[in-house]
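Here the structure comes first, spelled out in structure tokens, and everything after it is commentary.
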Amino acid sequence: MVGRLRSFVSRRKRVAGVAQRLLDEFPPLRDAVLQALGGEPRERYRQWIAAYDTLGEDDLAALRDESARWQDAPLLSLFVPVADANDDVAQGFAESLRAQPYERWELQFVGATAPAEAWNAALESSASEFVVVADPAVALRPHALFLLAYTIRRHPDVLVVYGDDDAIDEEGARSDHYFKPDWSEALLRCQNYLGGLVCVRRSRALLVGGFEEELDDDRAWGLFLRLTAGAPPQSIHHLPFVVSHRRATPAHAHVDDGERRQRVARAVEQRLARIGERAVRVKPVGERSYRPSYVPAQRPPAVSVIVPTTCRLEMLRPCLGGLLERTSYPKLELLVVVNGSRRLGIEQQAFLREVTADPRARTLFFDDDHRSFNFSRVTNWAAEQARGELLCLLNDDTEVIESGWLSAMVGTVRQDRVAAVGALLLYQNGRIQHGGVIVGAGRVAAHAYAHEPHGTTGYHDRALVDQDVSCVTAACMLVRRDVFAEVGGFDEALPVRFNDVDFCLRVHAAGWRIVWTPSAELYHKESATIGGHDMRELEEAFRSELDLIRRRWSDYLDHDPHYNPNLSLDALQLWQPAFPPRVRYPWRQPGRAQVTPAPPHRRRAIR
């Protein structure tokens with residue numbers, strides 16, 4: 001059900017709301033509309049490549065000229081594990097390496113099955129401070145080494161550099177782009193998203209023990225986890241450019257090898273243990289990802305669940321029933337924050353007395369003298385009354401699905417520098433309502449995977465795994481109480497809309513992380529919690545809040561670090577290429593979408 005707020009802002013919004021409800025009721029229709037708007041993915045990507053990512057001869061000349069002027073061009077040591085240096089895979093990698101205009105590199109082949117001691121001996125013998133760990137199955141773009149060196153020169157304290165990638169077939173056709181987020185500690189625990197071409201600082205790699213034996217033989221992933229653990233986020237750099245190609249895999253070749261995937265899951269558990277995280281279990285999800293569940297603390301922190309409400313019992317009963325009867329978390333305080341006690345009827349008063357008979361529950365009455373409802377003011381006031389170390393902000397139109405939801409969120413918020421955690425929220429029809437928030441999409445913010453089927457893998461499995469995000473909805477948000485106080489709570493100048501976006505961005509600005517986890521699932525019926533309002537007043541409030549949030553966070557809205565600048569900000573075309581992208585190659589002049597392409601007979605060789 002579409003919330004009342006969508007119908008408040010204007011007649012256009014009301015019409016859009018009717019259309020949205022229609023599409024919600026008929027999911028196949030919605031899927032067809034989205035497909036028509038977005039176009040066929042391979043063709044859309046082909047057009048994007050032609051417009052923005054085809055390298056011409058003048059591109060290559062610019063790379064040569066600029067790197068030739070560098071007096072301190074860094075030496076890159078390429079570390080390539082292969083079974084046979086003469087096989088086709090290694091030869092293909094070597095061919096792409098010879099096509100690099102950047103010439104300060106050395107190459108070390110290491111036996112793929114050699115013991116870790118041999119790998120570390122090669123690491124120690126390198127002549128360079130910067131080692132490029134390369135999967136021999138990838139092909140380098142011509143600008144790959146130049147961009148790595150360019151980043152090292154601009155950021156002397158860099159520890160890790162990684163870039164985007166895609167797949168390429170034998171005919172040279174590109175597909176399956178992975179436009180990655182900036183550094184995401186949570187995502188690296190679920191998949192080696194850094195990819196098959198990663199530059200690392202050699203001294204740091206040796207300091208954390210170098211390569212180690214792994215159950216799944218993937219020594220690179222283990223090294224990346226240990227190398228980045230506790231590292232300053234600004235020392236890990238993401239290049240928002242396709243720097244390498246994976247070999248395209250035929251669709252029929254994706255076979256779920258259960259035994260192999262379980263072995264990888266056990267290897268991930270061991271890797272997490274090495275960096276101080278005790279995982280209860282790690283389970284395979286999607287095509288290539290793994291999702292950890294974290295051991296609860298021996299002395300779990302108290303959680304105060306704050307539920308603002310106007311006591312619409314058809315919503316409030318299942319919400320509170322799920323909290324008190326179907327939530328397994330042992331230290332829970334429930335604060336039912338009633339807005340407008342003077343309007344309560346006999347049945348509502350009786351229900352609240354029944355709820356507060358449970359010693360874990362309290363009812364707080366917020367009788368604001370202001371005429372307009374202010375969610376931020378109510379939340380801040382309730383937080384002052386809470387006793388828990390953690391605050392769980394929860395709408396009264398949510399409902400618990402499974403008992404471990406809160407334990408999963410608490411386990412996640414206990415990770416390093418994590419201040420807030422969001423949950424997977426579902427509509428009653430089983431489709432996704434909230435999978436994290438993409439800041440800048442839809443002018444201010446949009447929910448990832450909205451209206452997609454529950455269980456959809458999403459973009460490279462990202463609808464199924466934990467990941468750092470810029471924002472999560474306050475409909476279900478767990479936040480550290482000390483951080484809530486540190487950033488000043490919710491801004492009461494944003495009474496209804498965008499207050500959670502503003503709060504989350506202030507949390508980021510204070511140096512904290514926000515994580516979305518699909519391990520916690522709830523229904524969100526997305527109904528109005530705030531009661532009746534004057535239409536003109538709400539329209540004016542919406543315009544005021546929109547202007548404020550765009551003025552305050554204009555720079556951030558143009559670049560959500562957890563959503564790649566090569567991806568569209570159109571709310572109906574999320575995860576598809578942006579026309580134009582919000583980033584350009586550093587050697588190209590502003591405003592130039594592309595340079596003169598190479599002649600046709602050369603184009604395949606330099607893509």
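Starting from 1 in every chain, residues are counted up; chains themselves are A, B, ... following the order of the structure tokens, and ligands are numbered from 1 as listed.
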If we count only C-alpha atoms, what is near Leu75 of chain A at a cut-off of 7 Å, once residues fewer than 6 positions away on the same chain are taken out, given as a PyMOL selection string? chain A and resi 104-105+128
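All residues within segment 208-276 of chain A that the backbone DSSP calculation assigns to alpha helix (DSSP H) are Arg219, Ala220, Trp221, Gly222, Leu223, Phe224, Leu225, Arg226, Leu227, Thr228, Gly258, Glu259, Arg260, Arg261, Gln262, Arg263, Val264, Ala265, Arg266, Ala267, Val268, Glu269, Gln270, Arg271, Leu272, Ala273 and Arg274 of chain A.
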Running DSSP on the backbone, which parts of segment 330-520 of chain A land in strand (DSSP E or B), as a ChimeraX atom specification? /A:332-339,361-366,390-394,398-400,418-426,431-434,437-439,445-447,453,467-468,471,476-480,513-520
Nearest to Pro300 of chain A among A:Leu272, A:Leu390, A:Leu316, A:Leu323, with distances taken over only C-alpha atoms: which residue is it? A:Leu390
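The list of residues with at least one atom within 8 Å of Arg189 of chain A, based on only C-alpha atoms and without residues fewer than 3 positions apart in the same chain, reads Glu185, Ala186, Asn192, Leu225, Val268, Leu272, Tyr290, Arg291 and Pro292 of chain A.
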Generate the output file for the selected residues, C-alpha atoms, as a CSV table (one decimal), in the first residue's frame.
chain,number,residue,atom,x,y,z
A,185,GLU,CA,34.2,-3.1,4.4
A,186,ALA,CA,30.9,-5.0,4.9
A,192,ASN,CA,35.8,-10.4,-3.2
A,225,LEU,CA,40.6,-8.7,4.2
A,268,VAL,CA,35.4,-17.0,4.8
A,272,LEU,CA,36.8,-13.4,9.5
A,290,TYR,CA,28.4,-15.3,1.1
A,291,ARG,CA,26.6,-13.9,4.1
A,292,PRO,CA,28.0,-14.0,7.6
Between A:His237, A:Val496, A:Leu313, A:His447, which one has atoms that come closest to Arg377 of chain A, using only C-alpha atoms? A:Val496
Taking 2 positions as the minimum chain separation for residues in the same chain, which residues sit within 6 Å of Val338 of chain A when counting only C-alpha atoms? Answer as a PyMOL selection string. chain A and resi 309-310+365-366
Residue subset to file, keeping all heavy atoms, as a PDB file, in the first residue's frame:
ATOM      1  N   THR A 309       3.470   6.643  17.257  1.00  0.00           N
ATOM      2  CA  THR A 309       2.194   6.141  16.758  1.00  0.00           C
ATOM      3  C   THR A 309       1.055   7.111  17.068  1.00  0.00           C
ATOM      4  O   THR A 309       1.126   7.886  18.028  1.00  0.00           O
ATOM      5  CB  THR A 309       1.878   4.769  17.370  1.00  0.00           C
ATOM      6  OG1 THR A 309       0.670   4.248  16.811  1.00  0.00           O
ATOM      7  CG2 THR A 309       1.730   4.855  18.887  1.00  0.00           C
ATOM      8  N   THR A 310       0.017   7.037  16.245  1.00  0.00           N
ATOM      9  CA  THR A 310      -1.255   7.713  16.548  1.00  0.00           C
ATOM     10  C   THR A 310      -2.308   6.687  16.945  1.00  0.00           C
ATOM     11  O   THR A 310      -3.493   6.992  16.992  1.00  0.00           O
ATOM     12  CB  THR A 310      -1.744   8.517  15.329  1.00  0.00           C
ATOM     13  OG1 THR A 310      -1.801   7.656  14.186  1.00  0.00           O
ATOM     14  CG2 THR A 310      -0.827   9.691  15.048  1.00  0.00           C
ATOM     15  N   PHE A 365       3.529   9.744  26.265  1.00  0.00           N
ATOM     16  CA  PHE A 365       2.563  10.604  25.577  1.00  0.00           C
ATOM     17  C   PHE A 365       3.240  11.916  25.191  1.00  0.00           C
ATOM     18  O   PHE A 365       3.774  12.635  26.039  1.00  0.00           O
ATOM     19  CB  PHE A 365       1.351  10.875  26.464  1.00  0.00           C
ATOM     20  CG  PHE A 365       0.533   9.646  26.720  1.00  0.00           C
ATOM     21  CD1 PHE A 365       0.684   8.930  27.909  1.00  0.00           C
ATOM     22  CD2 PHE A 365      -0.358   9.178  25.770  1.00  0.00           C
ATOM     23  CE1 PHE A 365      -0.054   7.790  28.147  1.00  0.00           C
ATOM     24  CE2 PHE A 365      -1.104   8.031  26.000  1.00  0.00           C
ATOM     25  CZ  PHE A 365      -0.952   7.333  27.190  1.00  0.00           C
ATOM     26  N   PHE A 366       3.230  12.166  23.880  1.00  0.00           N
ATOM     27  CA  PHE A 366       3.849  13.384  23.359  1.00  0.00           C
ATOM     28  C   PHE A 366       2.730  14.308  22.889  1.00  0.00           C
ATOM     29  O   PHE A 366       2.226  14.181  21.776  1.00  0.00           O
ATOM     30  CB  PHE A 366       4.787  13.043  22.199  1.00  0.00           C
ATOM     31  CG  PHE A 366       5.591  14.219  21.704  1.00  0.00           C
ATOM     32  CD1 PHE A 366       6.733  14.625  22.364  1.00  0.00           C
ATOM     33  CD2 PHE A 366       5.196  14.916  20.570  1.00  0.00           C
ATOM     34  CE1 PHE A 366       7.476  15.703  21.911  1.00  0.00           C
ATOM     35  CE2 PHE A 366       5.933  15.996  20.110  1.00  0.00           C
ATOM     36  CZ  PHE A 366       7.074  16.394  20.779  1.00  0.00           C
TER      37      PHE A 366
END
